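**Student:** Structure supplied as coords_38.cif; contents: mmCIF, C-alpha atoms and all ligand atoms.
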```
data_data
#
loop_
_atom_site.label_atom_id
_atom_site.label_comp_id
_atom_site.auth_asym_id
_atom_site.auth_seq_id
_atom_site.Cartn_x
_atom_site.Cartn_y
_atom_site.Cartn_z
CA MET A 1 -13.56 5.58 13.69
CA SER A 2 -9.84 5.93 13.26
CA ARG A 3 -8.39 3.60 10.67
CA CYS A 4 -4.63 3.19 10.41
CA LYS A 5 -3.63 4.50 7.01
CA LEU A 6 -2.00 2.11 4.53
CA ILE A 7 0.40 3.32 1.86
CA ALA A 8 1.05 0.67 -0.77
CA GLY A 9 3.46 0.70 -3.70
CA ASN A 10 2.56 -1.27 -6.81
CA TRP A 11 5.84 -1.76 -8.65
CA LYS A 12 4.09 -3.48 -11.58
CA MET A 13 6.56 -5.11 -14.04
CA ASN A 14 9.46 -2.92 -12.90
CA GLN A 15 12.56 -3.55 -10.78
CA GLY A 16 14.41 -6.81 -11.35
CA LEU A 17 16.06 -8.59 -8.44
CA SER A 18 19.02 -6.27 -7.93
CA GLN A 19 17.09 -3.09 -8.71
CA ALA A 20 14.35 -4.11 -6.27
CA GLY A 21 16.88 -4.70 -3.49
CA ALA A 22 18.36 -1.26 -4.10
CA LEU A 23 14.93 0.39 -4.23
CA ILE A 24 13.68 -1.06 -0.95
CA LYS A 25 16.93 -0.10 0.79
CA ALA A 26 16.74 3.44 -0.58
CA LEU A 27 13.14 3.71 0.52
CA LYS A 28 13.94 2.52 4.02
CA ALA A 29 16.83 4.98 4.21
CA GLU A 30 14.47 7.83 3.23
CA LEU A 31 11.98 6.80 5.86
CA ASP A 32 14.57 6.24 8.59
CA SER A 33 16.21 9.59 7.95
CA ASP A 34 13.34 11.45 9.57
CA LYS A 35 11.71 8.59 11.48
CA THR A 36 8.77 8.73 9.06
CA CYS A 37 8.12 5.07 9.58
CA CYS A 38 6.32 4.66 11.86
CA SER A 39 4.81 5.21 15.27
CA ALA A 40 2.75 2.33 16.65
CA ASN A 41 3.07 0.65 13.24
CA CYS A 42 0.98 3.38 11.65
CA PRO A 43 0.88 4.28 8.80
CA GLU A 44 1.36 0.77 7.48
CA LEU A 45 3.55 0.38 4.42
CA LEU A 46 3.25 -2.29 1.78
CA VAL A 47 5.02 -2.98 -1.48
CA PHE A 48 4.04 -5.27 -4.33
CA PRO A 49 7.23 -6.21 -6.23
CA PRO A 50 7.21 -8.50 -9.28
CA PHE A 51 7.29 -12.18 -8.24
CA THR A 52 10.93 -12.63 -9.21
CA SER A 53 12.04 -9.68 -7.04
CA ILE A 54 10.27 -10.74 -3.87
CA ALA A 55 13.41 -12.50 -2.65
CA ALA A 56 15.27 -9.19 -2.56
CA VAL A 57 12.50 -7.29 -0.79
CA LEU A 58 11.18 -9.74 1.78
CA PRO A 59 14.31 -9.74 4.00
CA GLU A 60 13.78 -5.98 4.43
CA ALA A 61 10.17 -6.42 5.64
CA GLY A 62 9.10 -6.14 9.25
CA GLY A 63 7.78 -3.45 11.55
CA CYS A 64 5.30 -1.48 9.53
CA LEU A 65 6.62 -2.70 6.16
CA GLN A 66 4.82 -5.63 4.54
CA VAL A 67 5.26 -7.29 1.18
CA GLY A 68 2.58 -8.59 -1.16
CA ALA A 69 2.14 -10.32 -4.52
CA GLN A 70 0.65 -8.60 -7.54
CA ASN A 71 -1.66 -11.50 -8.30
CA VAL A 72 -2.63 -14.98 -7.15
CA HIS A 73 -4.38 -17.96 -8.71
CA TRP A 74 -7.48 -19.42 -7.10
CA ALA A 75 -6.46 -23.10 -7.19
CA GLU A 76 -4.13 -24.45 -4.51
CA SER A 77 -2.07 -26.35 -7.09
CA GLY A 78 -2.51 -28.03 -10.45
CA ALA A 79 -2.14 -27.71 -14.19
CA TYR A 80 -2.12 -23.90 -14.45
CA THR A 81 1.13 -23.14 -16.23
CA GLY A 82 2.56 -19.77 -15.29
CA GLU A 83 0.39 -19.23 -12.23
CA VAL A 84 1.23 -19.00 -8.52
CA SER A 85 -1.10 -20.16 -5.74
CA ALA A 86 -2.06 -18.53 -2.46
CA PRO A 87 -0.49 -21.24 -0.26
CA MET A 88 2.79 -20.74 -2.19
CA LEU A 89 2.69 -17.01 -1.43
CA LYS A 90 1.84 -17.63 2.19
CA GLU A 91 4.68 -20.12 2.56
CA LEU A 92 7.05 -17.53 1.13
CA GLY A 93 6.10 -15.16 3.95
CA LEU A 94 4.04 -12.63 2.02
CA SER A 95 1.26 -10.70 3.73
CA TYR A 96 -1.00 -9.51 0.93
CA ALA A 97 -2.25 -10.39 -2.53
CA LEU A 98 -3.39 -7.68 -4.93
CA ILE A 99 -6.61 -8.73 -6.63
CA GLY A 100 -8.32 -7.54 -9.82
CA HIS A 101 -6.02 -4.64 -10.68
CA SER A 102 -7.39 -2.83 -13.73
CA GLU A 103 -4.32 -3.82 -15.77
CA ARG A 104 -5.14 -7.48 -15.05
CA ARG A 105 -8.74 -6.85 -16.10
CA GLN A 106 -7.73 -4.85 -19.20
CA TYR A 107 -4.81 -6.87 -20.58
CA PHE A 108 -5.39 -10.36 -19.20
CA GLY A 109 -9.15 -10.69 -19.37
CA GLU A 110 -9.68 -10.97 -15.63
CA SER A 111 -13.29 -10.64 -14.55
CA ASP A 112 -15.23 -9.86 -11.41
CA GLU A 113 -15.78 -13.59 -11.05
CA SER A 114 -12.08 -14.44 -11.20
CA ALA A 115 -11.30 -11.57 -8.82
CA ASN A 116 -13.69 -13.12 -6.35
CA LEU A 117 -12.12 -16.58 -6.73
CA ARG A 118 -8.63 -15.15 -6.27
CA LEU A 119 -9.66 -13.07 -3.26
CA ARG A 120 -11.30 -16.00 -1.52
CA ALA A 121 -8.29 -18.22 -2.23
CA ALA A 122 -5.98 -15.58 -0.72
CA LEU A 123 -8.12 -15.31 2.42
CA LYS A 124 -8.38 -19.09 2.73
CA ALA A 125 -4.59 -19.36 2.68
CA GLY A 126 -4.31 -16.79 5.47
CA LEU A 127 -3.24 -13.85 3.32
CA LYS A 128 -4.74 -10.38 3.34
CA ALA A 129 -6.32 -9.23 0.09
CA MET A 130 -6.50 -5.86 -1.64
CA LEU A 131 -9.41 -5.73 -4.09
CA CYS A 132 -9.09 -3.10 -6.83
CA ILE A 133 -12.20 -1.56 -8.35
CA GLY A 134 -12.76 1.50 -10.51
CA GLU A 135 -14.57 2.87 -13.52
CA THR A 136 -13.16 3.64 -16.97
CA GLU A 137 -13.30 7.15 -18.43
CA GLU A 138 -16.18 6.16 -20.69
CA GLU A 139 -18.16 4.71 -17.78
CA ARG A 140 -17.64 7.92 -15.79
CA GLN A 141 -18.78 10.06 -18.72
CA LEU A 142 -21.89 7.92 -19.09
CA GLY A 143 -22.70 8.44 -15.41
CA LEU A 144 -22.09 4.76 -14.63
CA THR A 145 -19.42 5.17 -11.94
CA ASN A 146 -21.51 4.03 -8.99
CA CYS A 147 -23.09 1.25 -10.99
CA VAL A 148 -19.66 -0.14 -11.95
CA LEU A 149 -18.31 0.20 -8.42
CA GLU A 150 -21.33 -1.60 -7.03
CA ARG A 151 -21.02 -4.47 -9.53
CA GLN A 152 -17.28 -4.91 -8.91
CA LEU A 153 -17.63 -4.73 -5.15
CA ARG A 154 -20.63 -7.07 -4.89
CA TRP A 155 -18.99 -9.67 -7.14
CA GLY A 156 -15.54 -9.23 -5.70
CA LEU A 157 -16.71 -9.72 -2.13
CA SER A 158 -19.34 -12.34 -2.78
CA GLN A 159 -19.24 -15.18 -0.19
CA VAL A 160 -16.75 -13.28 1.97
CA SER A 161 -17.72 -13.25 5.65
CA ALA A 162 -17.80 -10.15 7.83
CA ALA A 163 -15.09 -11.76 9.96
CA ASP A 164 -12.81 -12.16 6.93
CA MET A 165 -13.35 -8.51 5.98
CA SER A 166 -10.80 -7.64 8.67
CA ARG A 167 -8.23 -8.96 6.15
CA VAL A 168 -9.63 -7.15 3.12
CA VAL A 169 -8.68 -3.70 1.84
CA VAL A 170 -10.53 -2.06 -1.05
CA ALA A 171 -8.59 0.10 -3.49
CA TYR A 172 -10.63 2.58 -5.52
CA GLU A 173 -8.66 3.18 -8.69
CA PRO A 174 -10.44 5.10 -11.44
CA VAL A 175 -8.96 3.52 -14.55
CA TRP A 176 -8.61 6.88 -16.32
CA ALA A 177 -6.36 8.11 -13.51
CA ILE A 178 -3.91 5.19 -13.52
CA GLY A 179 -0.54 6.12 -14.94
CA THR A 180 -2.03 9.11 -16.74
CA GLY A 181 -1.10 11.97 -14.42
CA LYS A 182 -4.85 12.74 -14.13
CA THR A 183 -6.05 12.42 -10.55
CA ALA A 184 -9.61 12.36 -9.31
CA SER A 185 -10.41 15.61 -7.53
CA GLU A 186 -10.45 15.35 -3.75
CA ALA A 187 -14.24 15.79 -3.82
CA ASP A 188 -14.83 13.15 -6.52
CA ALA A 189 -12.50 10.67 -4.81
CA GLN A 190 -14.17 11.28 -1.43
CA ALA A 191 -17.61 10.81 -3.00
CA ALA A 192 -16.59 7.47 -4.52
CA HIS A 193 -15.05 6.31 -1.23
CA ALA A 194 -18.13 7.32 0.76
CA PHE A 195 -20.27 5.41 -1.76
CA ILE A 196 -18.06 2.32 -1.42
CA ARG A 197 -18.31 2.55 2.37
CA SER A 198 -22.10 2.79 2.17
CA LEU A 199 -22.12 -0.34 -0.01
CA LEU A 200 -19.94 -2.17 2.52
CA ALA A 201 -22.46 -1.25 5.20
CA GLN A 202 -25.23 -2.77 3.04
CA LEU A 203 -23.24 -5.90 2.22
CA PHE A 204 -22.00 -6.47 5.77
CA CYS A 205 -22.83 -3.99 8.54
CA THR A 206 -21.92 -0.48 9.61
CA ASP A 207 -19.19 -1.69 11.92
CA THR A 208 -17.45 -3.66 9.14
CA ALA A 209 -17.84 -0.72 6.76
CA GLU A 210 -16.30 1.64 9.30
CA LYS A 211 -13.36 -0.66 9.94
CA THR A 212 -12.54 -1.48 6.29
CA ARG A 213 -9.79 0.58 4.73
CA ILE A 214 -10.48 2.08 1.32
CA LEU A 215 -7.38 3.29 -0.53
CA TYR A 216 -7.24 5.70 -3.44
CA GLY A 217 -5.07 4.86 -6.46
CA GLY A 218 -4.47 6.69 -9.72
CA SER A 219 -1.58 9.13 -10.17
CA MET A 220 -1.24 9.78 -6.44
CA ASN A 221 2.03 11.63 -5.94
CA ALA A 222 4.00 13.75 -3.48
CA ALA A 223 2.09 16.88 -4.52
CA ASN A 224 -1.50 15.64 -4.31
CA ALA A 225 -1.27 13.02 -1.56
CA ALA A 226 -1.90 15.28 1.43
CA GLY A 227 -5.16 16.63 0.04
CA LEU A 228 -6.46 13.20 -0.92
CA LEU A 229 -5.38 11.55 2.33
CA ALA A 230 -7.11 14.29 4.34
CA GLN A 231 -10.51 13.15 3.03
CA PRO A 232 -12.50 11.35 5.73
CA ASP A 233 -13.05 8.15 3.74
CA ILE A 234 -9.62 7.89 2.10
CA ASP A 235 -7.54 5.55 4.21
CA GLY A 236 -4.36 5.41 2.20
CA GLY A 237 -3.02 5.08 -1.30
CA LEU A 238 -2.11 2.47 -3.89
CA ILE A 239 0.74 4.10 -5.75
CA GLY A 240 2.31 3.03 -9.02
CA GLY A 241 4.73 5.45 -10.67
CA ALA A 242 5.62 7.43 -7.55
CA SER A 243 6.36 4.26 -5.59
CA LEU A 244 9.47 3.75 -7.74
CA LYS A 245 10.93 7.05 -6.49
CA PRO A 246 11.99 6.67 -2.85
CA ALA A 247 11.83 10.39 -2.02
CA ASP A 248 8.35 10.72 -3.53
CA PHE A 249 7.04 7.59 -1.85
CA ALA A 250 8.45 8.78 1.49
CA SER A 251 6.67 12.14 1.02
CA ILE A 252 3.39 10.32 0.51
CA VAL A 253 4.02 8.29 3.67
CA ARG A 254 4.71 11.54 5.53
CA ALA A 255 1.44 12.96 4.23
CA ALA A 256 -0.34 9.95 5.71
CA LYS A 257 0.98 10.51 9.20
P1 LIG B 301 -0.18 5.10 -10.79
O1 LIG B 301 -0.65 3.57 -10.66
O2 LIG B 301 0.06 5.62 -9.41
O3 LIG B 301 1.06 5.06 -11.63
O4 LIG B 301 -1.31 5.83 -11.46
C1 LIG B 301 -1.52 3.16 -9.65
C2 LIG B 301 -1.84 1.69 -9.79
O5 LIG B 301 -1.87 1.19 -10.91
O6 LIG B 301 -2.06 1.00 -8.81
#
```
Before we go any further, please render this structure as structure tokens.
**Tutor:**
Amino acid sequence: MSRCKLIAGNWKMNQGLSQAGALIKALKAELDSDKTCCSANCPELLVFPPFTSIAAVLPEAGGCLQVGAQNVHWAESGAYTGEVSAPMLKELGLSYALIGHSERRQYFGESDESANLRLRAALKAGLKAMLCIGETEEERQLGLTNCVLERQLRWGLSQVSAADMSRVVVAYEPVWAIGTGKTASEADAQAAHAFIRSLLAQLFCTDTAEKTRILYGGSMNAANAAGLLAQPDIDGGLIGGASLKPADFASIVRAAK
């Protein structure tokens, strides 16, 4: 099964409006300079700017470049001060919503249950959803990695139909590797991805599992991307730090070709 690779940049709370406009233009210039992006729209590229910078990035989208939101609320509208709904994101012209990132879970108390509500709201509004899962360092040391992945995946994808899975991407992001410079070894990352794919086959069917893209995230960079992306079950990357450096991000895209 050949899955088109997806390289996504999570800009987190970086790049205000003018910086974001400059970053996306610099990135496109890097990619255009050697025609890195993209033959037959593959690899796909995606960036998640902060909400307030979307206006600067969206006009640059098109072709293989899509834009997503870093979070979404589950209600369509209502008394939820500070939140943004899925229909609002869809109306804006966004393609994806990032769901359940470990920083949302760690700093904002988001749970598997709320990830599931957010993911289903995104799908209902016609968006694609990227569900982030991953174990902490302590959980890995205790041998709980698969147990945690299974819990997060089962909850996160609860009540999602096989048909809707065509609009879902899973991002495996070991929490201990995010922003730390520590990357999972190629073998450990591949093992986790293969496990996630086997769970998808149980939850849905083999065909859905084979078609679903599973990205790796956690200190992916220009130096380690090729090795990780060569693993059979790694279908792309969710990149934080290196996505803010156009030359580095372009190298990762090249490694995905
Ligand atoms: P990192 O972040 O690449 O800086 O480790 C990845 C992420 O948080 O998605």
**Student:** Do you know which residues are within 8 Å of ligand LIG 301 (chain B) using all atoms listed in the file? Can you write them as a ChimeraX atom specification?
**Tutor:** /A:9-10,12,101-103,173,177-181,217-221,238-243
**Student:** Between A:Lys182, A:Lys124, A:Lys257, A:Arg3, which has the minimum distance to A:Ala226 (counting all atoms listed in the file)?
**Tutor:**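 Of A:Lys182, A:Lys124, A:Lys257, A:Arg3, the one nearest A:Ala226, counting all atoms listed in the file, is A:Lys257.
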**Student:** Which of these residues is nearest to A:Gln152, using all atoms listed in the file: A:Ala187, A:Ala129, A:Leu228, A:Ile196?
**Tutor:**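 The closest residue to A:Gln152 is A:Ile196.
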**Student:** As an exercise, work out the distance from atom CA of A:Gln231 to atom CA of A:Met130 in Å and give it to one decimal place.
**Tutor:**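 Separating atom CA of A:Gln231 from atom CA of A:Met130 is a distance of 20.0 Å.
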**Student:** Applying 10 Å and only C-alpha atoms, which residues near A:Leu89 remain after dropping the ones on its own chain fewer than 2 positions away? List them as a count of residues only.
**Tutor:** 20
